>>> print(open('upload.txt').read())   # compact mmCIF, C-alpha atoms
# COMPACT_ATOMS: atom_id res chain seq x y z
CA MET A 1 63.11 171.97 77.87
CA ASN A 2 63.79 171.53 74.15
CA SER A 3 60.71 172.72 72.28
CA ASP A 4 62.11 171.53 68.86
CA ARG A 5 61.88 167.72 69.67
CA ARG A 6 59.75 165.97 67.07
CA GLY A 7 58.00 162.52 66.98
CA PHE A 8 57.52 160.08 64.06
CA THR A 9 55.47 161.21 61.14
CA LEU A 10 52.52 159.17 59.87
CA THR A 11 54.48 158.19 56.77
CA GLU A 12 57.36 156.87 58.85
CA LEU A 13 54.98 154.82 61.01
CA ILE A 14 53.34 153.34 57.92
CA ILE A 15 56.73 152.41 56.46
CA VAL A 16 57.81 150.73 59.72
CA ALA A 17 54.50 148.86 59.92
CA VAL A 18 54.82 147.62 56.32
CA LEU A 19 58.43 146.52 56.81
CA GLY A 20 57.52 144.77 60.06
CA SER A 21 54.63 142.99 58.38
CA LEU A 22 56.88 141.87 55.53
CA LEU A 23 59.45 140.55 58.02
CA ILE A 24 56.76 138.63 59.93
CA MET A 25 55.35 137.18 56.68
CA VAL A 26 58.81 136.03 55.53
CA THR A 27 59.54 134.49 58.94
CA LEU A 28 56.14 132.77 58.98
CA GLN A 29 56.69 131.42 55.47
CA VAL A 30 60.08 130.00 56.48
CA LEU A 31 58.48 128.32 59.50
CA ILE A 32 55.68 126.87 57.37
CA THR A 33 58.17 125.58 54.79
CA ASN A 34 60.33 124.02 57.50
CA GLN A 35 57.27 122.39 59.06
CA ARG A 36 56.16 120.98 55.71
CA THR A 37 59.67 119.69 55.02
CA TYR A 38 59.84 118.03 58.44
CA THR A 39 56.40 116.46 58.01
CA ALA A 40 57.30 115.15 54.54
CA GLN A 41 60.63 113.75 55.76
CA ASN A 42 58.92 112.11 58.72
CA ALA A 43 56.32 110.55 56.41
CA GLN A 44 59.14 109.33 54.14
CA ILE A 45 60.93 107.70 57.08
CA GLN A 46 57.73 106.07 58.33
CA GLY A 47 57.02 104.77 54.83
CA GLN A 48 60.51 103.28 54.53
CA GLN A 49 60.18 101.59 57.92
CA THR A 50 56.81 100.18 56.90
CA ILE A 51 57.96 98.65 53.62
CA ARG A 52 61.08 97.21 55.24
CA ALA A 53 58.98 95.62 57.99
CA ALA A 54 56.60 94.13 55.40
CA ALA A 55 59.53 92.84 53.36
CA ASP A 56 61.09 91.27 56.48
CA VAL A 57 57.84 89.47 57.36
CA LEU A 58 57.39 88.02 53.88
CA PHE A 59 61.07 87.13 53.53
CA SER A 60 61.05 85.23 56.83
CA GLU A 61 57.93 83.26 55.89
CA LEU A 62 58.45 82.57 52.19
CA ARG A 63 62.12 81.52 52.27
CA GLU A 64 61.10 78.50 54.41
CA ILE A 65 58.56 77.07 51.98
CA SER A 66 59.24 74.27 49.51
CA ALA A 67 57.28 74.77 46.31
CA ARG A 68 58.36 71.36 45.07
CA GLY A 69 57.09 69.86 48.32
CA GLY A 70 53.66 71.43 47.87
CA ASP A 71 53.99 74.25 50.40
CA ILE A 72 52.42 76.78 48.01
CA ILE A 73 48.67 76.12 48.11
CA SER A 74 47.62 78.94 45.80
CA MET A 75 49.18 82.09 44.38
CA SER A 76 48.25 85.26 42.53
CA SER A 77 49.78 88.68 41.94
CA GLY A 78 48.07 90.03 45.05
CA SER A 79 48.21 87.14 47.54
CA ILE A 80 49.81 83.80 48.33
CA THR A 81 48.60 80.90 50.47
CA VAL A 82 51.34 78.73 51.95
CA ARG A 83 52.13 76.16 54.58
CA SER A 84 54.25 78.08 57.08
CA MET A 85 56.67 75.95 59.08
CA ARG A 86 56.63 76.45 62.84
CA ASN A 87 58.07 73.90 65.29
CA PHE A 88 60.94 71.56 64.43
CA GLY A 89 62.35 68.39 65.97
CA VAL A 90 64.36 65.26 65.23
CA ALA A 91 63.00 61.73 65.72
CA CYS A 92 64.89 59.72 68.34
CA ALA A 93 62.47 56.78 68.55
CA VAL A 94 59.82 55.48 66.15
CA ALA A 95 57.00 52.96 66.74
CA PRO A 96 55.12 52.61 63.41
CA ALA A 97 52.50 50.20 64.78
CA THR A 98 51.21 52.64 67.43
CA PRO A 99 52.02 54.97 65.63
CA THR A 100 54.20 57.25 67.74
CA VAL A 101 57.33 59.28 67.11
CA THR A 102 59.47 60.52 70.01
CA VAL A 103 61.04 63.81 69.07
CA LEU A 104 63.96 65.83 70.37
CA ARG A 105 62.44 69.25 69.91
CA VAL A 106 64.23 72.36 68.72
CA GLY A 107 62.24 75.41 69.74
CA ASN A 108 58.64 75.34 70.97
CA TRP A 109 56.72 72.23 72.03
CA PHE A 110 54.44 70.45 69.60
CA ALA A 111 50.75 70.46 70.55
CA VAL A 112 47.65 68.33 70.02
CA GLY A 113 46.07 69.24 66.70
CA ASP A 114 49.34 70.31 65.07
CA SER A 115 49.68 69.42 61.40
CA VAL A 116 53.15 67.96 60.90
CA PHE A 117 55.46 66.56 58.26
CA VAL A 118 57.62 63.56 59.17
CA PHE A 119 60.44 62.66 56.78
CA ALA A 120 60.36 59.05 55.54
CA ASP A 121 63.69 57.95 54.09
CA LYS A 122 62.57 54.47 52.93
CA ARG A 123 65.60 52.96 51.18
CA GLU A 124 68.58 54.80 52.64
CA ASN A 125 70.76 54.75 49.52
CA ILE A 126 68.04 55.97 47.16
CA SER A 127 66.64 59.49 47.30
CA THR A 128 63.90 59.12 44.69
CA ASP A 129 61.60 57.26 47.09
CA ASP A 130 61.92 59.74 49.97
CA VAL A 131 58.67 61.39 51.04
CA TRP A 132 57.28 63.68 53.71
CA ILE A 133 54.40 62.07 55.59
CA ARG A 134 51.68 64.57 56.42
CA ALA A 135 49.85 63.73 59.64
CA ARG A 136 48.02 65.34 62.56
CA VAL A 137 49.07 65.00 66.20
CA THR A 138 46.34 63.44 68.39
CA ALA A 139 48.24 63.21 71.70
CA VAL A 140 51.42 64.64 73.22
CA ASP A 141 53.55 63.33 76.10
CA THR A 142 56.26 65.72 77.26
CA THR A 143 57.56 63.49 80.07
CA VAL A 144 59.57 61.10 77.91
CA ALA A 145 63.32 61.09 77.40
CA CYS A 146 65.08 61.45 74.08
CA GLY A 147 68.54 60.10 74.80
CA ALA A 148 70.00 62.25 77.55
CA SER A 149 67.59 65.09 76.81
CA ARG A 150 63.92 65.70 77.39
CA GLY A 151 61.74 64.82 74.43
CA VAL A 152 58.11 64.78 73.37
CA ARG A 153 56.19 61.72 72.17
CA LEU A 154 53.76 62.48 69.36
CA THR A 155 50.86 60.08 68.79
CA PHE A 156 49.01 59.82 65.47
CA THR A 157 45.87 57.82 66.33
CA GLY A 158 44.18 56.23 63.32
CA GLN A 159 47.05 57.06 60.98
CA ALA A 160 49.14 53.88 61.27
CA GLY A 161 48.74 53.21 57.57
CA LEU A 162 50.77 56.28 56.71
CA PHE A 163 53.72 55.21 58.82
CA ALA A 164 53.56 51.48 58.01
CA ALA A 165 53.94 52.17 54.30
CA ASP A 166 57.05 54.31 54.74
CA SER A 167 60.26 54.03 56.73
CA VAL A 168 60.59 56.78 59.32
CA ARG A 169 64.04 56.36 60.83
CA VAL A 170 65.75 57.74 63.89
CA GLY A 171 67.12 61.14 62.95
CA ALA A 172 64.19 61.99 60.67
CA PRO A 173 63.19 65.67 60.83
CA VAL A 174 59.68 66.50 62.08
CA ARG A 175 58.12 69.87 61.28
CA SER A 176 54.77 71.37 62.23
CA TYR A 177 53.07 73.91 60.00
CA LEU A 178 50.14 76.28 59.74
CA ARG A 179 48.33 77.38 56.61
CA TYR A 180 48.30 81.14 56.03
CA THR A 181 47.28 83.54 53.28
CA TYR A 182 49.31 86.73 52.90
CA GLY A 183 47.88 89.70 51.03
CA LEU A 184 46.30 93.13 51.37
CA ILE A 185 43.44 93.69 53.80
CA THR A 186 41.51 96.81 54.83
CA GLU A 187 41.32 97.83 58.48
CA SER A 188 39.72 101.09 59.69
CA GLY A 189 39.90 102.51 56.18
CA GLN A 190 43.63 101.78 55.80
CA THR A 191 45.36 99.10 53.72
CA TYR A 192 47.69 96.64 55.45
CA LEU A 193 49.69 93.52 54.78
CA GLY A 194 47.43 90.94 56.39
CA ARG A 195 47.71 87.30 57.39
CA THR A 196 44.69 85.01 57.32
CA PRO A 197 44.88 81.55 58.94
CA ALA A 198 42.93 78.69 57.39
CA GLY A 199 39.34 79.07 58.56
CA GLY A 200 40.27 82.13 60.61
CA THR A 201 40.00 85.90 60.51
CA ALA A 202 42.44 88.17 58.70
CA ALA A 203 44.73 90.19 60.94
CA PRO A 204 46.74 93.29 59.94
CA MET A 205 50.51 92.93 60.31
CA VAL A 206 52.24 95.91 58.70
CA GLY A 207 50.97 99.14 57.18
CA PRO A 208 49.49 101.29 56.00
CA LEU A 209 50.35 100.37 52.40
CA LYS A 210 49.20 101.65 49.02
CA PRO A 211 45.66 100.50 48.23
CA SER A 212 45.32 97.81 45.53
CA THR A 213 49.04 97.68 44.67
CA GLY A 214 50.66 97.76 48.12
CA ILE A 215 51.82 94.15 47.71
CA GLN A 216 52.60 92.48 44.37
CA PHE A 217 54.01 88.98 43.88
CA THR A 218 55.80 87.63 40.81
CA TYR A 219 56.70 83.93 40.64
CA LEU A 220 59.76 82.68 38.76
CA ASP A 221 60.93 79.18 37.87
CA SER A 222 64.50 77.80 37.94
CA LEU A 223 65.30 79.63 34.68
CA GLY A 224 64.05 82.97 35.97
CA SER A 225 60.92 82.93 33.81
CA VAL A 226 57.49 83.86 35.14
CA THR A 227 55.45 80.76 36.03
CA SER A 228 51.89 80.09 37.16
CA VAL A 229 52.61 76.50 38.29
CA THR A 230 52.99 76.35 42.07
CA THR A 231 55.42 73.41 42.10
CA ASN A 232 57.73 75.12 39.58
CA VAL A 233 58.32 78.22 41.71
CA ARG A 234 61.93 78.71 42.75
CA GLN A 235 61.97 82.48 43.30
CA ILE A 236 59.34 84.95 44.44
CA THR A 237 59.71 88.65 43.70
CA VAL A 238 57.79 90.86 46.10
CA ARG A 239 57.19 94.55 45.56
CA VAL A 240 55.95 96.60 48.52
CA ARG A 241 54.54 100.10 48.06
CA THR A 242 53.44 102.71 50.55
CA VAL A 243 51.76 106.08 50.10
CA SER A 244 50.96 108.85 52.58
CA GLU A 245 48.38 111.61 52.74
CA VAL A 246 51.26 114.02 53.35
CA LEU A 247 52.37 116.02 50.29
CA ASN A 248 55.99 116.64 49.34
CA SER A 249 57.47 119.88 48.01
CA LEU A 250 56.07 119.11 44.55
CA GLY A 251 52.55 118.74 45.91
CA GLN A 252 52.54 114.97 45.41
CA PRO A 253 51.78 112.31 48.06
CA VAL A 254 54.90 110.98 49.79
CA SER A 255 55.45 107.42 48.58
CA ASP A 256 58.13 104.75 48.45
CA SER A 257 58.61 101.19 47.23
CA LEU A 258 60.94 98.24 47.75
CA THR A 259 61.44 95.12 45.65
CA ILE A 260 62.97 91.95 47.08
CA ARG A 261 63.65 88.52 45.55
CA ILE A 262 63.14 85.47 47.77
CA TYR A 263 64.65 82.08 46.97
CA THR A 264 62.46 79.29 48.32
CA ARG A 265 63.62 76.15 50.10
CA ASN A 266 63.54 73.28 47.58
>>> encode(input="upload.txt", output="structure tokens")
Amino acid sequence: MNSDRRGFTLTELIIVAVLGSLLIMVTLQVLITNQRTYTAQNAQIQGQQTIRAAADVLFSELREISARGGDIISMSSGSITVRSMRNFGVACAVAPATPTVTVLRVGNWFAVGDSVFVFADKRENISTDDVWIRARVTAVDTTVACGASRGVRLTFTGQAGLFAADSVRVGAPVRSYLRYTYGLITESGQTYLGRTPAGGTAAPMVGPLKPSTGIQFTYLDSLGSVTSVTTNVRQITVRVRTVSEVLNSLGQPVSDSLTIRIYTRN
């Protein structure tokens, strides 16, 4: 047996322990940094998806409105109240005395209680006297024919005066609408893009967004100048902002924004 074999000295053990600790600390720091980077990137992606979803919702709704036709009820930098078009059809038979309009529908069925616009052409060769009659459906018959297709007969009880004064012709478009307000709402301590129906309760749609400034509207006229007159609006600029509780590498909250310009239907 070799009696000269030696073990590690205390100094050597201390050095190994220190080096091992340093290696573990460096490895742990790399893992923490990678985790923070992943979390920040994930928050950035979620924020981008949120603002794109909010922009898509507002773009789909606001591009259908006609400011000149009175579809903008009220507007401010933080919210807008509009008549949002829903169902659409084309008149294939008109009985002004009843009054009823048989419609070839495109999309969903009309329903009792729907608020609708019916286009009245009046004198066919003159566009200055054209109007949209606003009425409310009191009865619906889905068993009628509209040419070779199935149609729906809309009855407007007590509203004959509206139709007698204007000429609703075969081929006139018929559109139903709902009144909504779009703006920021708070739900469970978070800020969302919300939609509030007339006389109803606000419902969150997309979020969370940045409190107070998550949605901002700017209204422009035909010359591109800012306007406060609802009927003069031709473009709506919407800026969507989001902010997260997650911090980036600079120690700042992860945030993003998107600005879109919507041209209204006029």
>>> residues_around(input="upload.txt", residues="region 32-46 of chain A", least_positions_apart="6", cutoff="10 Å", atoms="all atoms listed in the file", output="PyMOL selection string")
chain A and resi 26+52+207-208+242-249+253-256
>>> closest_residue(input="upload.txt", among="A:Gly113, A:Gly199, A:Gly70, A:Gly214", to="Leu154 (chain A)", atoms="all atoms listed in the file")
A:Gly113
>>> closest_residue(input="upload.txt", among="A:Ser149, A:Thr138, A:Thr50, A:Thr11", to="Thr191 (chain A)", atoms="only C-alpha atoms")
A:Thr50
>>> atom_distance(input="upload.txt", atom1="CA of Arg195 (chain A)", atom2="CA of Tyr263 (chain A)")
20.6 Å
>>> residues_around(input="upload.txt", residues="region 158-167 of chain A", least_positions_apart="4", cutoff="7 Å", atoms="all atoms listed in the file", output="list in words")
Pro96, Ala97, Thr98, Pro99, Ala120, Asp121, Lys122 and Ile133 of chain A
>>> atom_distance(input="upload.txt", atom1="CA of Gly183 (chain A)", atom2="CA of Asn232 (chain A)")
21.0 Å
>>> closest_residue(input="upload.txt", among="A:Ala93, A:Val174, A:Ala17, A:Leu22", to="Phe110 (chain A)", atoms="all atoms listed in the file")
A:Val174
>>> atom_distance(input="upload.txt", atom1="CA of Thr237 (chain A)", atom2="CA of Gln216 (chain A)")
8.1 Å
>>> closest_atom_pairs(input="upload.txt", of="region 202-221 of chain A", to="region 77-85 of chain A", cutoff="8 Å", atoms="only C-alpha atoms", output="CSV")
residue,atom,partner,partner_atom,distance
A:Thr213,CA,A:Gly78,CA,7.7
A:Ile215,CA,A:Gly78,CA,6.2
A:Gln216,CA,A:Gly78,CA,5.2
A:Phe217,CA,A:Ser77,CA,4.7
A:Thr218,CA,A:Ser77,CA,6.2
>>> residues_around(input="upload.txt", residues="Gly89 (chain A)", least_positions_apart="4", cutoff="10 Å", atoms="only C-alpha atoms", output="tab-separated table (two decimals) with C-alpha atoms, in the frame of the given file")
chain	number	residue	atom	x	y	z
A	102	THR	CA	59.47	60.52	70.01
A	103	VAL	CA	61.04	63.81	69.07
A	104	LEU	CA	63.96	65.83	70.37
A	105	ARG	CA	62.44	69.25	69.91
A	106	VAL	CA	64.23	72.36	68.72
A	107	GLY	CA	62.24	75.41	69.74
A	108	ASN	CA	58.64	75.34	70.97
A	109	TRP	CA	56.72	72.23	72.03
A	110	PHE	CA	54.44	70.45	69.60
A	118	VAL	CA	57.62	63.56	59.17
A	151	GLY	CA	61.74	64.82	74.43
A	152	VAL	CA	58.11	64.78	73.37
A	171	GLY	CA	67.12	61.14	62.95
A	172	ALA	CA	64.19	61.99	60.67
A	173	PRO	CA	63.19	65.67	60.83
A	174	VAL	CA	59.68	66.50	62.08
A	175	ARG	CA	58.12	69.87	61.28
A	176	SER	CA	54.77	71.37	62.23
>>> axis_aligned_box(input="upload.txt", around="region 97-103 of chain A", padding_each_side="5 Å", output="lines of an AutoDock Vina configuration file")
center_x = 56.1
center_y = 57.0
center_z = 67.4
size_x = 19.8
size_y = 23.6
size_z = 15.2
>>> closest_residue(input="upload.txt", among="A:Val226, A:Ile260, A:Leu250, A:Val240", to="Leu193 (chain A)", atoms="all atoms listed in the file")
A:Val240
>>> closest_residue(input="upload.txt", among="A:Leu178, A:Cys146, A:Leu220, A:Ile15", to="Gly200 (chain A)", atoms="only C-alpha atoms")
A:Leu178
>>> closest_residue(input="upload.txt", among="A:Lys210, A:Arg123, A:Arg63, A:Arg134", to="Arg241 (chain A)", atoms="all atoms listed in the file")
A:Lys210
>>> residues_near_point(input="upload.txt", point="(40.7, 98.7, 56.2)", cutoff="12 Å", atoms="all atoms listed in the file", output="list in words")
Leu184, Ile185, Thr186, Glu187, Ser188, Gly189, Gln190, Thr191, Tyr192, Leu193, Gly194, Ala202, Ala203, Pro204, Gly207, Pro208, Leu209, Lys210, Pro211 and Ser212 of chain A
>>> build_atoms(input="upload.txt", residues="region 47-68 of chain A", atoms="N, CA, C and O atoms", output="mmCIF file, in the frame of the given file")
data_model
loop_
_atom_site.group_PDB
_atom_site.id
_atom_site.type_symbol
_atom_site.label_atom_id
_atom_site.label_comp_id
_atom_site.auth_asym_id
_atom_site.auth_seq_id
_atom_site.Cartn_x
_atom_site.Cartn_y
_atom_site.Cartn_z
ATOM 1 N N GLY A 47 57.308 105.623 55.978
ATOM 2 C CA GLY A 47 57.020 104.770 54.830
ATOM 3 C C GLY A 47 58.122 103.753 54.596
ATOM 4 O O GLY A 47 57.864 102.574 54.321
ATOM 5 N N GLN A 48 59.377 104.197 54.709
ATOM 6 C CA GLN A 48 60.510 103.280 54.530
ATOM 7 C C GLN A 48 60.527 102.204 55.602
ATOM 8 O O GLN A 48 60.795 101.028 55.314
ATOM 9 N N GLN A 49 60.233 102.576 56.833
ATOM 10 C CA GLN A 49 60.180 101.590 57.920
ATOM 11 C C GLN A 49 59.059 100.575 57.675
ATOM 12 O O GLN A 49 59.216 99.385 57.938
ATOM 13 N N THR A 50 57.946 101.056 57.149
ATOM 14 C CA THR A 50 56.810 100.180 56.900
ATOM 15 C C THR A 50 57.128 99.149 55.820
ATOM 16 O O THR A 50 56.868 97.948 55.989
ATOM 17 N N ILE A 51 57.698 99.594 54.699
ATOM 18 C CA ILE A 51 57.960 98.650 53.620
ATOM 19 C C ILE A 51 59.071 97.671 53.990
ATOM 20 O O ILE A 51 59.051 96.506 53.576
ATOM 21 N N ARG A 52 60.032 98.121 54.798
ATOM 22 C CA ARG A 52 61.080 97.210 55.240
ATOM 23 C C ARG A 52 60.518 96.156 56.191
ATOM 24 O O ARG A 52 60.897 94.979 56.124
ATOM 25 N N ALA A 53 59.602 96.575 57.068
ATOM 26 C CA ALA A 53 58.980 95.620 57.990
ATOM 27 C C ALA A 53 58.147 94.593 57.209
ATOM 28 O O ALA A 53 58.196 93.393 57.506
ATOM 29 N N ALA A 54 57.402 95.056 56.213
ATOM 30 C CA ALA A 54 56.600 94.130 55.400
ATOM 31 C C ALA A 54 57.502 93.167 54.635
ATOM 32 O O ALA A 54 57.217 91.965 54.544
ATOM 33 N N ALA A 55 58.598 93.690 54.092
ATOM 34 C CA ALA A 55 59.530 92.840 53.360
ATOM 35 C C ALA A 55 60.166 91.800 54.285
ATOM 36 O O ALA A 55 60.341 90.635 53.907
ATOM 37 N N ASP A 56 60.496 92.204 55.515
ATOM 38 C CA ASP A 56 61.090 91.270 56.480
ATOM 39 C C ASP A 56 60.126 90.150 56.821
ATOM 40 O O ASP A 56 60.517 88.977 56.921
ATOM 41 N N VAL A 57 58.854 90.486 57.024
ATOM 42 C CA VAL A 57 57.840 89.470 57.360
ATOM 43 C C VAL A 57 57.720 88.451 56.238
ATOM 44 O O VAL A 57 57.756 87.235 56.460
ATOM 45 N N LEU A 58 57.571 88.927 55.013
ATOM 46 C CA LEU A 58 57.390 88.020 53.880
ATOM 47 C C LEU A 58 58.653 87.219 53.598
ATOM 48 O O LEU A 58 58.584 86.034 53.253
ATOM 49 N N PHE A 59 59.816 87.849 53.750
ATOM 50 C CA PHE A 59 61.070 87.130 53.530
ATOM 51 C C PHE A 59 61.220 85.985 54.530
ATOM 52 O O PHE A 59 61.577 84.862 54.154
ATOM 53 N N SER A 60 60.913 86.255 55.799
ATOM 54 C CA SER A 60 61.050 85.230 56.830
ATOM 55 C C SER A 60 60.123 84.045 56.590
ATOM 56 O O SER A 60 60.491 82.892 56.823
ATOM 57 N N GLU A 61 58.913 84.324 56.097
ATOM 58 C CA GLU A 61 57.930 83.260 55.890
ATOM 59 C C GLU A 61 58.175 82.493 54.591
ATOM 60 O O GLU A 61 58.157 81.266 54.575
ATOM 61 N N LEU A 62 58.428 83.216 53.503
ATOM 62 C CA LEU A 62 58.450 82.570 52.190
ATOM 63 C C LEU A 62 59.758 81.833 51.901
ATOM 64 O O LEU A 62 59.773 80.911 51.090
ATOM 65 N N ARG A 63 60.866 82.216 52.538
ATOM 66 C CA ARG A 63 62.120 81.520 52.270
ATOM 67 C C ARG A 63 62.115 80.098 52.839
ATOM 68 O O ARG A 63 62.929 79.267 52.462
ATOM 69 N N GLU A 64 61.170 79.810 53.781
ATOM 70 C CA GLU A 64 61.100 78.500 54.410
ATOM 71 C C GLU A 64 60.253 77.500 53.623
ATOM 72 O O GLU A 64 60.279 76.310 53.905
ATOM 73 N N ILE A 65 59.487 77.974 52.665
ATOM 74 C CA ILE A 65 58.560 77.070 51.980
ATOM 75 C C ILE A 65 59.291 76.272 50.894
ATOM 76 O O ILE A 65 60.311 76.690 50.358
ATOM 77 N N SER A 66 58.736 75.106 50.599
ATOM 78 C CA SER A 66 59.240 74.270 49.510
ATOM 79 C C SER A 66 58.130 74.140 48.469
ATOM 80 O O SER A 66 57.138 73.438 48.693
ATOM 81 N N ALA A 67 58.287 74.839 47.369
ATOM 82 C CA ALA A 67 57.280 74.770 46.310
ATOM 83 C C ALA A 67 57.195 73.356 45.756
ATOM 84 O O ALA A 67 56.109 72.825 45.489
ATOM 85 N N ARG A 68 58.325 72.722 45.587
ATOM 86 C CA ARG A 68 58.360 71.360 45.070
ATOM 87 C C ARG A 68 57.658 70.394 46.020
ATOM 88 O O ARG A 68 57.053 69.404 45.606
#
